[in-house]
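One structure is given here, and the rest of the page talks about it.
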Amino acid sequence: MPFGNTHNQMKLKYSSEQEYPDLSKHNNHMAKVLTAAIYERLRSKETPSGFTLDDVIQTGVDNPGHPFIMTVGCVAGDEETYEVFKELLDPVIEARHGGYKPQDKHKTDLKSENLKGGDDLDPNYVLSSRVRTGRSIRGFCLPPHCSRGERRAVEKLSVEALDSLSGDLKGKYYALKNMTEAEQQQLIDDHFLFDKPVSPLLLASGMARDWPDARGIWHNNNKTFLVWVNEEDHLRVISMQKGGNMREVFSRFCTGLTKIETLFKERGHAFMWNEHLGYILTCPSNLGTGLRAGVHVKLPNMSKHAKFEEVLKKLRLQKRGTGGVDTAAVGGVFDISNADRLGFSEVELVQMVVDGVKLLVDMEKRLEKGQSIDDLMPAQK
Amino acid sequence: MSGSFRRLISSRSTAVLLASLGAGTMATGVLLNENSSLAAEAKKKLYPPSSDYPDLRKHNNCMASALTPAVYAKLRDKVTPNNWTLDQCIQTGVDNPGHPFIKTVGCVAGDEESYEVFAELFDPVIKDRHNGYDPRTMKHPTDLDASKITHGIFDENYVLSSRVRTGRSIRGLSLPPACSRAERREVERVAVTALAGLKGDLAGHYYSLGDMTEKEQQQLIDDHFLFDKPVSPLLTCAFMARDWPDARGIWHNNDKTFLIWINEEDHTRVISMEKGGNMKRVFERFCSGLKQVEHLIQERGWEFMWNERLGYILTCPSNLGTGLRAGVHVRLPKLSKDPRFSKILNNLRLQKRGTGGVDTAATGDTFDISNLDRLGKSEVELVQLVVNGVNYLIECEKKLEKGQDIQVPPPLTQFKK
């Protein structure tokens, strides 16, 4: 909630023990880290905009999690959350991001020319390629905490910046609350439209407040570069196209992002970023690059192979259904993307996807012919 | 903290630096408070109320009708003594634009004082929802003397069950949208301790939602007692489902005729029910039980939230006054098909629902019939109104059975002036 959280002061008249959440049935990173002692030390703190510990953890308290899937269970309300509550968030980040330590430095590399290859993934198998990330605008609270005024300011700034893009990036903004039925249907058909979140993980954090106020979708006329405004993050930036030319997708991604960043800077605004955590986003799982580079790829044989999961793990890749996170694969087509976000640069992560998908397609072709794939088994990346 | 330190507090990065130095919890807490209020002041200037005013153009609820930009501007920066804000009261109404046919309330109270501090919003909402009741000029009558009810036993060929429910809030503790975990646990403790003191036909047992066994859960489902985590966005957007199922539970007497819900939409919901048509007995138990519980909490220094203007204070403005819904499940196969059915109900100040409760449809010819009103009439008046009304409906049904015609009764008056 916006203007300082004096409500938190009222809670301090109760002991820490009385306020400490019951996490006995919980399985998420927050619940594993948040001892009663840490709760006691952090409960009286708040960020300058008034985001408190209870605000950080509410989503994790309300969503105990799944025995097999470890969710994060906490969110940031502003840039300072990651500092003020580092006693909780550092161990969460370490657990989620493969042992990333508080003193580690994250490398940012958006020079797409540093990518090797990536323009020749077999389009008979790779149906589409996509890279997404998020960006937060420094000085504004994040979706769980922002006021309507701030959210609208983020929208206004973003639309101004995006409207000045030119060439193949020239495009148009569609505010969720103003779009016509025809526009809405088109955006659905293009697979661009995002809906009010239904996941309790997002709802419990307060991100869906005031929907659809100040939410919208911008895309270029070519429909290859797309920006979501005020969904789970201030901005989600997506570059995508049919086929297997990940190189081109990534190149447009980098160009577009860099241009947008320049446009924001010209208007006196920077993206939230620091040396240790890279780009700052709402969910700790998206820190660093916030980057998910992925393909929709046909792997009907490979996906049935006993070693499929092992191969993915070695390649540092993750599978999802073609509906995105939390969906199942349809017709042997999988969404394959990088599992990491933090501790690797953008170029490094896209390289892993390009190399990994190439290998998976090679394996698929072998299995089609009834041949073994044992000699293709990769080492752990 | 020395003066030089305070002068340092001029920017966000400074506050962050100080916080990360971990300069002791208390000191950091104080620093952040001061810096928070500086940051908050700066933010208020940067974002005037007009920039935060919600877009209510597509909305159809009482809050949206009452919340003009001027009212919003006046109230945005106020807080209740528990530091609850206007934006928190209205969030559910902003997030749920409503339905063209059904006008929801669209705002909730976070504490007793919300109704005062934000009176400029709540008073018109109350007037809108409660047939013109004006909290500034009118008084709400409370009457829990069940002996006054007459003709309170229905023909059981038609009435299958009878039920009376209300809510009660514990003064001094924030309401479900706002309460902290400690406050919610305190509500549970106060209520459960009091209920443990009930005796005789009211003696019973508490089942905490988080601790109940599978067997207990199944029994409560079979008895139609169990409540679930709210799914309605009207409730979830009002922050009522936080920390579920912590400190939520169900108490009921051994006879299964008196039931209390703890920490669902209100601190407590109190329900008296029985199969059959003895509404008088249901109401007698209701009043007796409520009085005993009130006495038991008073012995320990607690009391219910109540005042002369608004009666019993509950989370949703729609439940102010008596918070009372007295109803029956009644078979009306012929009457329900008569085109005058709705008008008859309306004139009798009655409402029909499906037998699953609010927002459900009727199955077969059995309806849930209950009072429409909550505020401005006492408990006795409302229950008598239901008794008279249901008796009239049964009369109509019998007439139609015999092929006789029925009459639409004249509309009942609103408030006793």
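Chain lettering (A, B, ...) mirrors the order of the structure tokens, residue numbering begins at 1 for each chain separately, and ligand numbering begins at 1 in order of display.
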Long-range neighbours of A:Trp211 as a list in words, 9 Å cut-off, only C-alpha atoms, 6 positions minimum in chain: Leu176, Lys177 and Lys196 of chain A; Val94, Asp95 and Asn96 of chain B
Can you write just those residues out, N, CA and C atoms, as a tab-separated table (two decimals), in the first residue's frame?
chain	number	residue	atom	x	y	z
A	176	LEU	N	-5.49	-1.93	-22.09
A	176	LEU	CA	-6.43	-3.02	-21.83
A	176	LEU	C	-7.85	-2.50	-21.63
A	177	LYS	N	-7.98	-1.35	-20.98
A	177	LYS	CA	-9.34	-0.92	-20.67
A	177	LYS	C	-10.03	-0.19	-21.82
A	196	LYS	N	-6.07	-10.74	-16.94
A	196	LYS	CA	-5.94	-10.54	-15.50
A	196	LYS	C	-5.42	-11.84	-14.91
B	94	VAL	N	-13.14	-1.43	-6.40
B	94	VAL	CA	-12.40	-1.04	-7.61
B	94	VAL	C	-12.14	-2.28	-8.46
B	95	ASP	N	-11.78	-3.39	-7.79
B	95	ASP	CA	-11.42	-4.62	-8.50
B	95	ASP	C	-12.62	-5.38	-9.04
B	96	ASN	N	-13.80	-5.08	-8.53
B	96	ASN	CA	-15.00	-5.81	-8.95
B	96	ASN	C	-16.07	-4.84	-9.40
Polymer residues at most 6 Å from stretch 204-217 of chain B, only C-alpha atoms, same-chain spacing of 2 or more positions, as a ChimeraX atom specification: /B:219-220,245,248-254
Neighbours of chain B in chain A at 6 Å, counting only C-alpha atoms, as a PDB file with N, CA, C and O atoms, in the first residue's frame:
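Resulting contents of out-v1.pdb:
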ATOM      1  N   PHE A   3       1.287   5.023   0.953  1.00  0.00           N
ATOM      2  CA  PHE A   3       2.045   6.051   1.656  1.00  0.00           C
ATOM      3  C   PHE A   3       2.642   5.637   2.992  1.00  0.00           C
ATOM      4  O   PHE A   3       2.254   6.129   4.031  1.00  0.00           O
ATOM      5  N   GLY A   4       3.567   4.773   2.982  1.00  0.00           N
ATOM      6  CA  GLY A   4       4.156   4.324   4.232  1.00  0.00           C
ATOM      7  C   GLY A   4       3.225   3.333   4.879  1.00  0.00           C
ATOM      8  O   GLY A   4       2.019   3.459   4.763  1.00  0.00           O
ATOM      9  N   THR A   6       2.164   2.506   8.106  1.00  0.00           N
ATOM     10  CA  THR A   6       2.060   2.701   9.545  1.00  0.00           C
ATOM     11  C   THR A   6       1.230   1.588  10.180  1.00  0.00           C
ATOM     12  O   THR A   6       1.294   1.383  11.383  1.00  0.00           O
ATOM     13  N   HIS A   7       0.500   0.865   9.342  1.00  0.00           N
ATOM     14  CA  HIS A   7      -0.239  -0.301   9.851  1.00  0.00           C
ATOM     15  C   HIS A   7       0.730  -1.286  10.483  1.00  0.00           C
ATOM     16  O   HIS A   7       0.393  -1.995  11.429  1.00  0.00           O
ATOM     17  N   GLN A  18       3.617 -14.057  18.288  1.00  0.00           N
ATOM     18  CA  GLN A  18       2.183 -13.989  18.024  1.00  0.00           C
ATOM     19  C   GLN A  18       1.898 -13.722  16.552  1.00  0.00           C
ATOM     20  O   GLN A  18       0.860 -14.100  16.034  1.00  0.00           O
ATOM     21  N   GLU A  19       2.815 -13.036  15.893  1.00  0.00           N
ATOM     22  CA  GLU A  19       2.610 -12.666  14.483  1.00  0.00           C
ATOM     23  C   GLU A  19       3.222 -13.651  13.505  1.00  0.00           C
ATOM     24  O   GLU A  19       2.854 -13.693  12.346  1.00  0.00           O
ATOM     25  N   SER A  44      10.077  -5.191  12.082  1.00  0.00           N
ATOM     26  CA  SER A  44       9.892  -3.774  12.363  1.00  0.00           C
ATOM     27  C   SER A  44      10.437  -2.898  11.241  1.00  0.00           C
ATOM     28  O   SER A  44      10.303  -1.684  11.272  1.00  0.00           O
ATOM     29  N   LYS A  45      11.052  -3.503  10.243  1.00  0.00           N
ATOM     30  CA  LYS A  45      11.633  -2.703   9.159  1.00  0.00           C
ATOM     31  C   LYS A  45      10.603  -2.410   8.082  1.00  0.00           C
ATOM     32  O   LYS A  45       9.608  -3.116   7.922  1.00  0.00           O
ATOM     33  N   PRO A  48      11.625   2.635   2.281  1.00  0.00           N
ATOM     34  CA  PRO A  48      11.177   4.030   2.316  1.00  0.00           C
ATOM     35  C   PRO A  48       9.748   4.216   1.800  1.00  0.00           C
ATOM     36  O   PRO A  48       9.052   5.128   2.238  1.00  0.00           O
ATOM     37  N   VAL A  61       2.891 -17.145   2.268  1.00  0.00           N
ATOM     38  CA  VAL A  61       2.080 -17.635   3.383  1.00  0.00           C
ATOM     39  C   VAL A  61       0.766 -18.198   2.844  1.00  0.00           C
ATOM     40  O   VAL A  61       0.297 -19.250   3.271  1.00  0.00           O
ATOM     41  N   ASP A  62       0.181 -17.497   1.857  1.00  0.00           N
ATOM     42  CA  ASP A  62      -1.125 -17.886   1.321  1.00  0.00           C
ATOM     43  C   ASP A  62      -1.050 -19.063   0.363  1.00  0.00           C
ATOM     44  O   ASP A  62      -2.073 -19.672   0.064  1.00  0.00           O
ATOM     45  N   VAL A  84      16.674  -3.944   2.193  1.00  0.00           N
ATOM     46  CA  VAL A  84      16.141  -3.901   3.551  1.00  0.00           C
ATOM     47  C   VAL A  84      15.878  -5.301   4.089  1.00  0.00           C
ATOM     48  O   VAL A  84      16.100  -5.585   5.267  1.00  0.00           O
ATOM     49  N   ARG A 148      -2.244   3.602  -7.741  1.00  0.00           N
ATOM     50  CA  ARG A 148      -2.782   3.795  -9.091  1.00  0.00           C
ATOM     51  C   ARG A 148      -2.028   4.923  -9.794  1.00  0.00           C
ATOM     52  O   ARG A 148      -1.719   4.825 -10.981  1.00  0.00           O
ATOM     53  N   GLY A 149      -1.707   5.985  -9.041  1.00  0.00           N
ATOM     54  CA  GLY A 149      -0.979   7.116  -9.625  1.00  0.00           C
ATOM     55  C   GLY A 149       0.362   6.676 -10.194  1.00  0.00           C
ATOM     56  O   GLY A 149       0.746   7.057 -11.300  1.00  0.00           O
ATOM     57  N   ASP A 210      -6.801  -3.095  -9.017  1.00  0.00           N
ATOM     58  CA  ASP A 210      -7.256  -2.041  -9.929  1.00  0.00           C
ATOM     59  C   ASP A 210      -7.277  -2.470 -11.393  1.00  0.00           C
ATOM     60  O   ASP A 210      -7.329  -1.627 -12.283  1.00  0.00           O
TER      61      ASP A 210
END
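Considering only stretch 162-270 of chain A, backbone DSSP assigns strand (DSSP E or B) to Gly171, Lys172, Tyr173, Tyr174, Ala175, Gly216, Ile217, Trp218, His219, Asn220, Phe225, Leu226, Val227, Trp228, Val229, Leu235, Arg236, Val237, Ile238, Ser239, Met240, Gln241 and Lys242 of chain A.
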Keeping only N, CA, C and O atoms, take the residues you just selected and write them out as an mmCIF file, in the first residue's frame.
data_model
loop_
_atom_site.group_PDB
_atom_site.id
_atom_site.type_symbol
_atom_site.label_atom_id
_atom_site.label_comp_id
_atom_site.auth_asym_id
_atom_site.auth_seq_id
_atom_site.Cartn_x
_atom_site.Cartn_y
_atom_site.Cartn_z
ATOM 1 N N GLY A 171 5.466 0.935 -33.735
ATOM 2 C CA GLY A 171 4.279 0.167 -33.368
ATOM 3 C C GLY A 171 3.205 0.988 -32.696
ATOM 4 O O GLY A 171 3.149 2.199 -32.820
ATOM 5 N N LYS A 172 2.348 0.302 -31.949
ATOM 6 C CA LYS A 172 1.157 0.920 -31.358
ATOM 7 C C LYS A 172 0.842 0.325 -29.993
ATOM 8 O O LYS A 172 1.107 -0.853 -29.723
ATOM 9 N N TYR A 173 0.243 1.170 -29.128
ATOM 10 C CA TYR A 173 -0.120 0.733 -27.782
ATOM 11 C C TYR A 173 -1.620 0.470 -27.694
ATOM 12 O O TYR A 173 -2.425 1.245 -28.209
ATOM 13 N N TYR A 174 -1.980 -0.623 -27.041
ATOM 14 C CA TYR A 174 -3.382 -0.957 -26.823
ATOM 15 C C TYR A 174 -3.622 -1.043 -25.317
ATOM 16 O O TYR A 174 -3.196 -2.000 -24.670
ATOM 17 N N ALA A 175 -4.277 -0.030 -24.763
ATOM 18 C CA ALA A 175 -4.587 -0.062 -23.331
ATOM 19 C C ALA A 175 -5.665 -1.116 -23.101
ATOM 20 O O ALA A 175 -6.644 -1.167 -23.837
ATOM 21 N N GLY A 216 -1.533 -2.553 -20.384
ATOM 22 C CA GLY A 216 -1.712 -2.565 -21.835
ATOM 23 C C GLY A 216 -0.611 -3.323 -22.533
ATOM 24 O O GLY A 216 0.335 -3.819 -21.921
ATOM 25 N N ILE A 217 -0.795 -3.407 -23.835
ATOM 26 C CA ILE A 217 0.124 -4.160 -24.691
ATOM 27 C C ILE A 217 0.567 -3.257 -25.822
ATOM 28 O O ILE A 217 -0.255 -2.623 -26.484
ATOM 29 N N TRP A 218 1.866 -3.203 -26.012
ATOM 30 C CA TRP A 218 2.403 -2.474 -27.157
ATOM 31 C C TRP A 218 3.038 -3.511 -28.061
ATOM 32 O O TRP A 218 3.712 -4.431 -27.593
ATOM 33 N N HIS A 219 2.855 -3.384 -29.379
ATOM 34 C CA HIS A 219 3.639 -4.229 -30.287
ATOM 35 C C HIS A 219 3.956 -3.481 -31.574
ATOM 36 O O HIS A 219 3.233 -2.550 -31.965
ATOM 37 N N ASN A 220 5.060 -3.916 -32.209
ATOM 38 C CA ASN A 220 5.436 -3.276 -33.468
ATOM 39 C C ASN A 220 4.527 -3.768 -34.592
ATOM 40 O O ASN A 220 3.827 -4.781 -34.445
ATOM 41 N N PHE A 225 7.899 -7.754 -31.962
ATOM 42 C CA PHE A 225 8.451 -7.138 -30.756
ATOM 43 C C PHE A 225 7.288 -6.607 -29.943
ATOM 44 O O PHE A 225 6.479 -5.807 -30.417
ATOM 45 N N LEU A 226 7.209 -7.068 -28.713
ATOM 46 C CA LEU A 226 5.988 -6.858 -27.933
ATOM 47 C C LEU A 226 6.349 -6.450 -26.506
ATOM 48 O O LEU A 226 7.309 -6.983 -25.920
ATOM 49 N N VAL A 227 5.635 -5.499 -25.959
ATOM 50 C CA VAL A 227 5.894 -5.081 -24.576
ATOM 51 C C VAL A 227 4.598 -5.132 -23.774
ATOM 52 O O VAL A 227 3.590 -4.583 -24.195
ATOM 53 N N TRP A 228 4.643 -5.815 -22.642
ATOM 54 C CA TRP A 228 3.493 -5.825 -21.723
ATOM 55 C C TRP A 228 3.748 -4.739 -20.682
ATOM 56 O O TRP A 228 4.837 -4.686 -20.083
ATOM 57 N N VAL A 229 2.762 -3.919 -20.443
ATOM 58 C CA VAL A 229 2.918 -2.859 -19.450
ATOM 59 C C VAL A 229 2.099 -3.179 -18.199
ATOM 60 O O VAL A 229 0.896 -3.403 -18.280
ATOM 61 N N LEU A 235 7.516 -3.620 -17.008
ATOM 62 C CA LEU A 235 7.561 -3.945 -18.425
ATOM 63 C C LEU A 235 8.013 -5.381 -18.604
ATOM 64 O O LEU A 235 8.936 -5.829 -17.942
ATOM 65 N N ARG A 236 7.364 -6.081 -19.505
ATOM 66 C CA ARG A 236 7.878 -7.355 -19.978
ATOM 67 C C ARG A 236 8.135 -7.149 -21.467
ATOM 68 O O ARG A 236 7.251 -6.654 -22.171
ATOM 69 N N VAL A 237 9.349 -7.465 -21.906
ATOM 70 C CA VAL A 237 9.739 -7.192 -23.289
ATOM 71 C C VAL A 237 9.933 -8.518 -23.993
ATOM 72 O O VAL A 237 10.667 -9.386 -23.509
ATOM 73 N N ILE A 238 9.296 -8.687 -25.117
ATOM 74 C CA ILE A 238 9.295 -9.970 -25.811
ATOM 75 C C ILE A 238 9.638 -9.789 -27.280
ATOM 76 O O ILE A 238 9.035 -8.954 -27.961
ATOM 77 N N SER A 239 10.587 -10.604 -27.739
ATOM 78 C CA SER A 239 10.892 -10.645 -29.169
ATOM 79 C C SER A 239 10.568 -12.056 -29.637
ATOM 80 O O SER A 239 10.961 -13.021 -28.976
ATOM 81 N N MET A 240 9.840 -12.175 -30.739
ATOM 82 C CA MET A 240 9.457 -13.530 -31.146
ATOM 83 C C MET A 240 9.179 -13.593 -32.634
ATOM 84 O O MET A 240 8.838 -12.595 -33.265
ATOM 85 N N GLN A 241 9.350 -14.798 -33.200
ATOM 86 C CA GLN A 241 8.948 -15.031 -34.583
ATOM 87 C C GLN A 241 8.820 -16.523 -34.818
ATOM 88 O O GLN A 241 9.357 -17.331 -34.045
ATOM 89 N N LYS A 242 8.124 -16.860 -35.892
ATOM 90 C CA LYS A 242 8.001 -18.271 -36.247
ATOM 91 C C LYS A 242 9.356 -18.752 -36.757
ATOM 92 O O LYS A 242 10.177 -17.962 -37.254
#
Find the spatial neighbours of A:Ser158, counting only C-alpha atoms, within a cut-off of 9 Å - ignore same-chain residues fewer than 2 positions away - and output them as number ranges by chain. A: 153-156, 160-163, 229, 234-235, 260, 264
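Closest to B:Gly197 among B:Gln292, B:Ser342, B:Ser147, B:Gln298 is B:Gln292, based on only C-alpha atoms.
For the pair atom CA of B:Thr322 and atom CA of B:His130, the interatomic distance is 11.9 Å.
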As a PyMOL selection string, please: every residue in stretch 79-147 of chain B that DSSP puts in alpha helix (DSSP H). chain B and resi 86-95+114-117+119-129
Please measure the separation of atom CA of B:Asp134 and atom CA of B:Leu314, giving the value in Å to one decimal. 17.3 Å
What is the atom CA of A:Gly294-atom CA of A:Gly332 distance in Å, reported with one decimal?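 Calculated distance between atom CA of A:Gly294 and atom CA of A:Gly332 is 15.8 Å.
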Excluding stretch 22-27 of chain A and its own-chain neighbours fewer than 6 positions away, which residues fall within 8 Å of it when counting only C-alpha atoms? Please give them as number ranges by chain. A: 61, 63-67, 70-71; B: 246
Any idea what's packed within 9 Å of stretch 104-107 of chain A, counting only C-alpha atoms, ignoring anything in its chain fewer than 2 positions away? Could you give it as a ChimeraX atom specification? /A:100-102,109,274-278,288-289,342-346
Counting only C-alpha atoms, the option among A:Val297, A:Val75, A:Ala329, A:Leu34 closest to A:Glu232: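 Closest candidate: A:Val75.
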